$ cat structure12.pdb   # PDB, C-alpha atoms
ATOM      1  CA  MET A 296      87.116 -30.851-112.030
ATOM      2  CA  ASN A 297      86.359 -34.296-113.376
ATOM      3  CA  SER A 298      88.224 -36.928-111.368
ATOM      4  CA  GLN A 299      89.442 -38.781-114.474
ATOM      5  CA  ILE A 300      90.937 -35.590-115.904
ATOM      6  CA  LYS A 301      92.629 -34.978-112.534
ATOM      7  CA  GLU A 302      94.050 -38.508-112.494
ATOM      8  CA  ASP A 303      95.273 -38.257-116.089
ATOM      9  CA  ARG A 304      96.790 -34.845-115.416
ATOM     10  CA  ALA A 305      98.589 -36.209-112.329
ATOM     11  CA  LYS A 306     100.057 -39.071-114.396
ATOM     12  CA  ARG A 307     100.996 -36.982-117.446
ATOM     13  CA  PRO A 308     101.036 -33.284-116.509
ATOM     14  CA  GLU A 309     102.856 -32.336-119.704
ATOM     15  CA  LEU A 310      99.709 -33.216-121.672
ATOM     16  CA  PHE A 311      97.506 -30.658-119.907
ATOM     17  CA  HIS A 312      98.137 -26.925-120.224
ATOM     18  CA  PHE A 313      95.365 -24.947-118.590
ATOM     19  CA  ASN A 314      94.970 -21.175-118.507
ATOM     20  CA  GLY A 315      94.417 -20.738-114.778
ATOM     21  CA  ALA A 316      91.465 -20.484-112.473
ATOM     22  CA  ILE A 317      88.491 -18.206-113.039
ATOM     23  CA  THR A 318      86.476 -17.068-110.055
ATOM     24  CA  THR A 319      82.879 -18.169-109.767
ATOM     25  CA  ALA A 320      81.845 -14.504-109.778
ATOM     26  CA  GLN A 321      83.713 -13.854-113.052
ATOM     27  CA  LEU A 322      82.154 -16.892-114.690
ATOM     28  CA  ASN A 323      78.657 -16.088-113.421
ATOM     29  CA  ASP A 324      78.970 -12.514-114.729
ATOM     30  CA  TRP A 325      80.152 -13.805-118.089
ATOM     31  CA  THR A 326      77.295 -16.338-118.454
ATOM     32  CA  GLN A 327      74.646 -13.870-117.260
ATOM     33  CA  GLN A 328      75.780 -11.146-119.679
ATOM     34  CA  ARG A 329      75.320 -13.621-122.547
ATOM     35  CA  ASN A 330      72.244 -15.449-121.248
ATOM     36  CA  PHE A 331      74.127 -18.754-121.446
ATOM     37  CA  VAL A 332      72.867 -21.775-119.560
ATOM     38  CA  VAL A 333      75.968 -23.846-118.805
ATOM     39  CA  PRO A 334      75.979 -27.192-116.950
ATOM     40  CA  ASP A 335      77.451 -27.095-113.462
ATOM     41  CA  ASP A 336      80.226 -29.579-114.297
ATOM     42  CA  LEU A 337      81.479 -27.386-117.151
ATOM     43  CA  LYS A 338      81.282 -24.314-114.913
ATOM     44  CA  GLU A 339      83.345 -26.149-112.300
ATOM     45  CA  PHE A 340      85.904 -27.172-114.920
ATOM     46  CA  TRP A 341      86.181 -23.611-116.210
ATOM     47  CA  CYS A 342      86.522 -22.195-112.691
ATOM     48  CA  GLU A 343      89.327 -24.607-111.846
ATOM     49  CA  THR A 344      91.213 -24.496-115.167
ATOM     50  CA  GLY A 345      90.138 -21.494-117.218
ATOM     51  CA  GLY A 346      90.115 -23.813-120.227
ATOM     52  CA  GLY A 347      93.231 -24.686-122.171
ATOM     53  CA  GLU A 348      94.982 -27.442-124.050
ATOM     54  CA  MET A 349      94.792 -31.191-123.556
ATOM     55  CA  PHE A 350      96.873 -33.741-125.396
ATOM     56  CA  GLU A 351      98.394 -32.424-128.588
ATOM     57  CA  SER A 352      95.429 -30.951-130.368
ATOM     58  CA  GLU A 353      92.424 -30.466-128.105
ATOM     59  CA  THR A 354      91.349 -27.042-126.846
ATOM     60  CA  VAL A 355      88.734 -26.444-124.200
ATOM     61  CA  LEU A 356      87.757 -22.885-124.994
ATOM     62  CA  SER A 357      88.014 -20.254-122.299
ATOM     63  CA  PRO A 358      85.215 -17.891-121.352
ATOM     64  CA  LEU A 359      87.896 -15.261-120.730
ATOM     65  CA  GLY A 360      90.271 -16.332-123.500
ATOM     66  CA  ILE A 361      92.062 -14.076-125.921
ATOM     67  CA  THR A 362      90.242 -13.533-129.200
ATOM     68  CA  ALA A 363      93.507 -13.223-131.144
ATOM     69  CA  SER A 364      94.470 -16.732-130.002
ATOM     70  CA  GLY A 365      91.180 -18.216-131.159
ATOM     71  CA  ASP A 366      90.765 -20.022-127.856
ATOM     72  CA  ASP A 367      87.886 -17.974-126.483
ATOM     73  CA  VAL A 368      84.261 -19.051-126.359
ATOM     74  CA  ASP A 369      82.886 -15.793-127.774
ATOM     75  CA  SER A 370      84.828 -15.498-131.033
ATOM     76  CA  VAL A 371      84.686 -19.210-131.869
ATOM     77  CA  ASN A 372      80.932 -19.306-131.339
ATOM     78  CA  ALA A 373      80.386 -16.063-133.286
ATOM     79  CA  TYR A 374      82.317 -17.532-136.217
ATOM     80  CA  HIS A 375      80.255 -20.723-136.241
ATOM     81  CA  ARG A 376      76.949 -18.897-135.783
ATOM     82  CA  ASN A 377      77.808 -16.897-138.909
ATOM     83  CA  LYS A 378      78.421 -20.214-140.686
ATOM     84  CA  GLY A 379      74.970 -21.562-139.742
ATOM     85  CA  MET A 380      75.404 -23.252-136.372
ATOM     86  CA  PRO A 381      71.968 -23.718-134.795
ATOM     87  CA  PRO A 382      70.869 -21.352-132.041
ATOM     88  CA  GLY A 383      71.151 -22.890-128.616
ATOM     89  CA  TYR A 384      74.476 -24.604-129.333
ATOM     90  CA  LEU A 385      77.505 -23.351-127.412
ATOM     91  CA  ILE A 386      80.864 -24.698-128.587
ATOM     92  CA  PHE A 387      83.252 -25.321-125.695
ATOM     93  CA  HIS A 388      85.869 -27.546-127.382
ATOM     94  CA  THR A 389      87.700 -27.678-130.680
ATOM     95  CA  GLY A 390      90.084 -30.368-131.757
ATOM     96  CA  ILE A 391      91.287 -32.756-134.352
ATOM     97  CA  GLY A 392      88.073 -34.757-134.110
ATOM     98  CA  GLY A 393      85.780 -31.788-134.562
ATOM     99  CA  LEU A 394      83.720 -29.602-132.290
ATOM    100  CA  SER A 395      82.019 -30.206-128.963
ATOM    101  CA  ALA A 396      79.098 -28.118-127.781
ATOM    102  CA  ILE A 397      76.390 -27.983-125.207
ATOM    103  CA  ARG A 398      72.785 -27.701-126.251
ATOM    104  CA  MET A 399      71.232 -24.952-124.154
ATOM    105  CA  PRO A 400      69.176 -24.874-122.029
ATOM    106  CA  ALA A 401      69.081 -28.677-121.678
ATOM    107  CA  GLY A 402      72.798 -28.864-120.914
ATOM    108  CA  GLU A 403      73.308 -31.880-123.164
ATOM    109  CA  TYR A 404      76.866 -32.391-124.390
ATOM    110  CA  LEU A 405      77.313 -32.936-128.122
ATOM    111  CA  SER A 406      80.011 -33.829-130.579
ATOM    112  CA  ILE A 407      79.085 -31.950-133.753
ATOM    113  CA  HIS A 408      80.371 -32.025-137.295
ATOM    114  CA  GLU A 409      82.043 -28.816-138.379
ATOM    115  CA  GLY A 410      80.235 -27.399-141.387
ATOM    116  CA  SER A 411      76.892 -29.186-141.124
ATOM    117  CA  TYR A 412      76.700 -28.960-137.316
ATOM    118  CA  SER A 413      74.998 -32.340-137.306
ATOM    119  CA  VAL A 414      75.198 -34.229-134.028
ATOM    120  CA  GLN A 415      77.673 -37.124-134.111
ATOM    121  CA  GLN A 416      77.418 -38.212-130.464
ATOM    122  CA  THR A 417      75.654 -37.117-127.303
ATOM    123  CA  PHE A 418      77.012 -37.271-123.755
ATOM    124  CA  GLY A 419      75.286 -36.974-120.399
ATOM    125  CA  SER A 420      78.045 -35.079-118.614
ATOM    126  CA  LEU A 421      81.484 -33.582-118.975
ATOM    127  CA  ALA A 422      82.941 -36.783-117.492
ATOM    128  CA  ASP A 423      81.093 -38.871-120.084
ATOM    129  CA  TRP A 424      82.287 -36.540-122.875
ATOM    130  CA  TYR A 425      85.905 -36.775-121.710
ATOM    131  CA  ALA A 426      85.807 -40.557-121.290
ATOM    132  CA  ARG A 427      84.083 -41.420-124.557
ATOM    133  CA  LEU A 428      85.571 -38.777-126.837
ATOM    134  CA  LEU A 429      89.002 -37.576-125.749
ATOM    135  CA  ARG A 430      90.183 -40.282-123.396
ATOM    136  CA  LYS A 431      89.082 -43.061-125.742
ATOM    137  CA  GLU A 432      91.329 -41.553-128.415
ATOM    138  CA  TYR A 433      94.337 -40.492-126.352
ATOM    139  CA  ALA A 434      94.614 -42.793-123.317
ATOM    140  CA  PRO A 435      96.137 -45.724-125.238
ATOM    141  CA  ARG A 436      98.577 -43.421-127.022
ATOM    142  CA  TYR A 437      99.840 -41.898-123.780
ATOM    143  CA  GLY A 438      99.720 -44.871-121.440
ATOM    144  CA  LEU A 439      96.793 -43.615-119.400
ATOM    145  CA  GLU A 440      94.951 -46.928-119.231
TER     146      GLU A 440
END
$ encode --input "structure12.pdb" --output "structure tokens"
Amino acid sequence: MNSQIKEDRAKRPELFHFNGAITTAQLNDWTQQRNFVVPDDLKEFWCETGGGEMFESETVLSPLGITASGDDVDSVNAYHRNKGMPPGYLIFHTGIGGLSAIRMPAGEYLSIHEGSYSVQQTFGSLADWYARLLRKEYAPRYGLE
């Protein structure tokens, strides 16, 4: 998992509610069945956490999440594909600031506008995404600086 997320979680564990580890085999089966190309750092994060909640309103979707909860990768992406999301985008995060996706197969991280799916920001890694999108917003509020 990203070292900054680990540090923030150690300082303020009540702000991070993850679903629980996923085995590498489970995740590999899931990605292969769907022909998803997922960056290694996101795979590592999912294996260690299973996705979950960060801060008060940010959800990292779970590959093995529960559809009824709306926190699973499959149902959230199916919904947005039906609304016109471009092929090759895979949403992995929803939150107050919008949606975050990876552009497959390049593995580029994106902040996208819900509705138009236009790219707002790009990030080179999960660590960059966390630092420039979530942490920038929440660190001052929660004394994580």
$ residues_around --input "structure12.pdb" --residues "His388 in chain A" --least-positions-apart "2" --cutoff "8 Å" --atoms "all atoms listed in the file" --output "list in words"
Glu353, Thr354, Val355, Leu356, Ile386, Gly390, Leu394, Ser395 and Ala396 of chain A
$ closest_residue --input "structure12.pdb" --among "A:Gly419, A:Arg304, A:Gly345, A:Pro358" --to "Asp324 in chain A" --atoms "all atoms listed in the file"
A:Pro358
$ residues_around --input "structure12.pdb" --residues "Arg329 in chain A" --least-positions-apart "5" --cutoff "12 Å" --atoms "only C-alpha atoms" --output "list in words"
Leu322, Asn323, Asp324, Pro358, Val368, Asp369, Asn372, Gly383 and Leu385 of chain A
$ closest_residue --input "structure12.pdb" --among "A:Glu432, A:Tyr425, A:Ile300, A:Met380" --to "Ile407 in chain A" --atoms "only C-alpha atoms"
A:Met380
$ resolve_selection --input "structure12.pdb" --expression "the PyMOL selection byres ((chain A and resi 424) around 12)" --output "ChimeraX atom specification"
/A:297,299-300,336-337,387-388,394-397,403-406,416-423,425-432
$ write_last_selection --input "structure12.pdb" --atoms "C-alpha atoms" --output "mmCIF file, in the coordinates of the input"
data_model
loop_
_atom_site.group_PDB
_atom_site.id
_atom_site.type_symbol
_atom_site.label_atom_id
_atom_site.label_comp_id
_atom_site.auth_asym_id
_atom_site.auth_seq_id
_atom_site.Cartn_x
_atom_site.Cartn_y
_atom_site.Cartn_z
ATOM 1 C CA ASN A 297 86.359 -34.296 -113.376
ATOM 2 C CA GLN A 299 89.442 -38.781 -114.474
ATOM 3 C CA ILE A 300 90.937 -35.590 -115.904
ATOM 4 C CA ASP A 336 80.226 -29.579 -114.297
ATOM 5 C CA LEU A 337 81.479 -27.386 -117.151
ATOM 6 C CA PHE A 387 83.252 -25.321 -125.695
ATOM 7 C CA HIS A 388 85.869 -27.546 -127.382
ATOM 8 C CA LEU A 394 83.720 -29.602 -132.290
ATOM 9 C CA SER A 395 82.019 -30.206 -128.963
ATOM 10 C CA ALA A 396 79.098 -28.118 -127.781
ATOM 11 C CA ILE A 397 76.390 -27.983 -125.207
ATOM 12 C CA GLU A 403 73.308 -31.880 -123.164
ATOM 13 C CA TYR A 404 76.866 -32.391 -124.390
ATOM 14 C CA LEU A 405 77.313 -32.936 -128.122
ATOM 15 C CA SER A 406 80.011 -33.829 -130.579
ATOM 16 C CA GLN A 416 77.418 -38.212 -130.464
ATOM 17 C CA THR A 417 75.654 -37.117 -127.303
ATOM 18 C CA PHE A 418 77.012 -37.271 -123.755
ATOM 19 C CA GLY A 419 75.286 -36.974 -120.399
ATOM 20 C CA SER A 420 78.045 -35.079 -118.614
ATOM 21 C CA LEU A 421 81.484 -33.582 -118.975
ATOM 22 C CA ALA A 422 82.941 -36.783 -117.492
ATOM 23 C CA ASP A 423 81.093 -38.871 -120.084
ATOM 24 C CA TYR A 425 85.905 -36.775 -121.710
ATOM 25 C CA ALA A 426 85.807 -40.557 -121.290
ATOM 26 C CA ARG A 427 84.083 -41.420 -124.557
ATOM 27 C CA LEU A 428 85.571 -38.777 -126.837
ATOM 28 C CA LEU A 429 89.002 -37.576 -125.749
ATOM 29 C CA ARG A 430 90.183 -40.282 -123.396
ATOM 30 C CA LYS A 431 89.082 -43.061 -125.742
ATOM 31 C CA GLU A 432 91.329 -41.553 -128.415
#
$ closest_residue --input "structure12.pdb" --among "A:Ile361, A:Ser352, A:Phe311, A:Lys306" --to "Gly393 in chain A" --atoms "all atoms listed in the file"
A:Ser352
$ atom_distance --input "structure12.pdb" --atom1 "CA of Val414 in chain A" --atom2 "CA of Pro400 in chain A"
16.4 Å
$ atom_distance --input "structure12.pdb" --atom1 "CA of Gly346 in chain A" --atom2 "CA of Phe313 in chain A"
5.6 Å
$ closest_residue --input "structure12.pdb" --among "A:Met349, A:Leu439, A:Ala401, A:Ile317" --to "Phe331 in chain A" --atoms "all atoms listed in the file"
A:Ala401
$ axis_aligned_box --input "structure12.pdb" --around "range 300-319 of chain A" --padding-each-side "5 Å" --output "JSON"
{"center_x": 92.9, "center_y": -28.1, "center_z": -115.7, "size_x": 30.0, "size_y": 32.0, "size_z": 21.9}
$ atom_distance --input "structure12.pdb" --atom1 "CA of Thr318 in chain A" --atom2 "CA of Glu343 in chain A"
8.3 Å
$ resolve_selection --input "structure12.pdb" --expression "the PyMOL selection byres ((chain A and resi 411) around 10)" --output "PDB file with C-alpha atoms, in the frame of the given file"
ATOM      1  CA  LYS A 378      78.421 -20.214-140.686  1.00  0.00           C
ATOM      2  CA  GLY A 379      74.970 -21.562-139.742  1.00  0.00           C
ATOM      3  CA  MET A 380      75.404 -23.252-136.372  1.00  0.00           C
ATOM      4  CA  PRO A 381      71.968 -23.718-134.795  1.00  0.00           C
ATOM      5  CA  ILE A 407      79.085 -31.950-133.753  1.00  0.00           C
ATOM      6  CA  HIS A 408      80.371 -32.025-137.295  1.00  0.00           C
ATOM      7  CA  GLU A 409      82.043 -28.816-138.379  1.00  0.00           C
ATOM      8  CA  GLY A 410      80.235 -27.399-141.387  1.00  0.00           C
ATOM      9  CA  TYR A 412      76.700 -28.960-137.316  1.00  0.00           C
ATOM     10  CA  SER A 413      74.998 -32.340-137.306  1.00  0.00           C
ATOM     11  CA  VAL A 414      75.198 -34.229-134.028  1.00  0.00           C
TER      12      VAL A 414
END
$ closest_residue --input "structure12.pdb" --among "A:Phe340, A:Thr389, A:Phe350, A:Thr319" --to "Asp367 in chain A" --atoms "all atoms listed in the file"
A:Thr389
$ closest_residue --input "structure12.pdb" --among "A:Val371, A:Ala434, A:Leu359, A:Ile391" --to "Thr326 in chain A" --atoms "all atoms listed in the file"
A:Leu359
$ build_atoms --input "structure12.pdb" --residues "range 353-372 of chain A" --atoms "N, CA and C atoms" --output "short mmCIF file (atom, residue, chain, number, x, y, z; two decimals), keeping the file's coordinate frame"
data_model
loop_
_atom_site.label_atom_id
_atom_site.label_comp_id
_atom_site.auth_asym_id
_atom_site.auth_seq_id
_atom_site.Cartn_x
_atom_site.Cartn_y
_atom_site.Cartn_z
N GLU A 353 93.77 -30.69 -128.61
CA GLU A 353 92.42 -30.47 -128.10
C GLU A 353 92.39 -29.21 -127.25
N THR A 354 91.48 -28.30 -127.57
CA THR A 354 91.35 -27.04 -126.85
C THR A 354 89.98 -26.95 -126.20
N VAL A 355 89.96 -26.80 -124.90
CA VAL A 355 88.73 -26.44 -124.20
C VAL A 355 88.75 -24.92 -124.15
N LEU A 356 87.80 -24.33 -124.86
CA LEU A 356 87.76 -22.88 -124.99
C LEU A 356 87.59 -22.21 -123.64
N SER A 357 88.08 -21.01 -123.55
CA SER A 357 88.01 -20.25 -122.30
C SER A 357 86.97 -19.15 -122.39
N PRO A 358 86.14 -19.02 -121.37
CA PRO A 358 85.22 -17.89 -121.35
C PRO A 358 85.95 -16.55 -121.38
N LEU A 359 87.13 -16.50 -120.80
CA LEU A 359 87.90 -15.26 -120.73
C LEU A 359 89.14 -15.32 -121.60
N GLY A 360 89.11 -16.16 -122.62
CA GLY A 360 90.27 -16.33 -123.50
C GLY A 360 90.53 -15.12 -124.36
N ILE A 361 91.62 -15.18 -125.08
CA ILE A 361 92.06 -14.08 -125.92
C ILE A 361 91.58 -14.32 -127.34
N THR A 362 90.82 -13.39 -127.87
CA THR A 362 90.24 -13.53 -129.20
C THR A 362 91.32 -13.78 -130.25
N ALA A 363 92.44 -13.08 -130.16
CA ALA A 363 93.51 -13.22 -131.14
C ALA A 363 94.07 -14.64 -131.18
N SER A 364 93.97 -15.35 -130.07
CA SER A 364 94.47 -16.73 -130.00
C SER A 364 93.47 -17.73 -130.56
N GLY A 365 92.21 -17.31 -130.68
CA GLY A 365 91.18 -18.22 -131.16
C GLY A 365 90.80 -19.28 -130.16
N ASP A 366 91.08 -19.03 -128.88
CA ASP A 366 90.76 -20.02 -127.86
C ASP A 366 89.68 -19.55 -126.91
N ASP A 367 88.94 -18.52 -127.33
CA ASP A 367 87.89 -17.97 -126.48
C ASP A 367 86.51 -18.42 -126.98
N VAL A 368 85.62 -18.59 -126.05
CA VAL A 368 84.26 -19.05 -126.36
C VAL A 368 83.56 -18.07 -127.29
N ASP A 369 83.65 -16.78 -127.02
CA ASP A 369 82.89 -15.79 -127.77
C ASP A 369 83.23 -15.77 -129.26
N SER A 370 84.49 -15.63 -129.61
CA SER A 370 84.83 -15.50 -131.03
C SER A 370 84.60 -16.80 -131.80
N VAL A 371 84.89 -17.92 -131.19
CA VAL A 371 84.69 -19.21 -131.87
C VAL A 371 83.20 -19.42 -132.13
N ASN A 372 82.37 -19.13 -131.14
CA ASN A 372 80.93 -19.31 -131.34
C ASN A 372 80.36 -18.30 -132.34
#
